[in-house]
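Inspection log for the structure reproduced underneath, given as structure tokens.
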Amino acid sequence: MKLSRSASWFLAAFGPWSWIIWTTFTKNLYKDASGLAFNAAGDPTAYFWVHLTLAVVSFILGTIVGVIGLRGILAGRRSAK
């Protein structure tokens with residue numbers, strides 16, 4: 001399968017963007033003072049674990065998508081030579 005240049009760049013940009021967004025979300029999740037992420041005793045709630053799982057999966061998928069985009073960019077450069 002061959003990716004277009006624009007699709008490759010989009011995927012390559014999506015990887016770091018995903019890391020930036022989910023890193024910020026994870027930091028905010030740990031700082032949560034509303035009582036959603038941690039109960040009164042300071043223990044993590046189901047809300048915390050679900051959202052932490054979402055963040056970890058998004059880190060993994062963002063990395064995979066970014067690598068696919070980078071490989072598409074590099075393959076396009078090799079074929080242009």
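A note on labels: chains of the structure tokens are A, B, ... as shown, every chain counts residues from 1, and ligands are counted from 1 in their shown order.
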* To do: Considering only C-alpha atoms, return as number ranges by chain whatever protein or nucleic-acid residues lie within 12 Å of A:Trp49, sequence-local ones (same chain, fewer than 6 positions apart) excluded.
  => A: 26, 29-30, 36-38, 43, 55-56
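Pairwise distance (atom CA of A:Phe48, atom CA of A:Thr23) equals 14.5 Å.
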Closest pair table for stretch 10-64 of chain A residues within 9 Å of stretch 69-72 of chain A, only C-alpha atoms, as JSON lines:
```
{"residue": "A:Phe10", "atom": "CA", "partner": "A:Gly69", "partner_atom": "CA", "distance": 7.1}
{"residue": "A:Leu11", "atom": "CA", "partner": "A:Gly69", "partner_atom": "CA", "distance": 4.5}
{"residue": "A:Ala12", "atom": "CA", "partner": "A:Gly69", "partner_atom": "CA", "distance": 4.2}
{"residue": "A:Ala13", "atom": "CA", "partner": "A:Gly69", "partner_atom": "CA", "distance": 7.9}
{"residue": "A:Phe14", "atom": "CA", "partner": "A:Gly69", "partner_atom": "CA", "distance": 8.6}
{"residue": "A:Gly15", "atom": "CA", "partner": "A:Gly69", "partner_atom": "CA", "distance": 8.5}
{"residue": "A:Ile64", "atom": "CA", "partner": "A:Gly69", "partner_atom": "CA", "distance": 8.7}
```
* Expected answer as a VMD selection string: alpha helix (DSSP H) residues in chain A -> chain A and resid 5 to 30 46 to 80
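Picture a line from atom CA of A:Phe25 to atom CA of A:Thr53; it runs 12.0 Å.
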* Determine, counting only C-alpha atoms, which protein, DNA and RNA residues have an atom within 10 Å of an atom of A:Ile68; residues of the same chain fewer than 5 positions away are not included. Present the result as a PyMOL selection string. => chain A and resi 3+8-9+11-12+15+62-63+73-74
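Closest approach to A:Tyr47 from the set A:Trp22, A:Arg5, A:Gly35, A:Leu61 is made by A:Gly35, with distances taken over only C-alpha atoms.
Reported to one decimal place, the separation of atom CA of A:Ala40 from atom CA of A:Asn28 is 17.7 Å.
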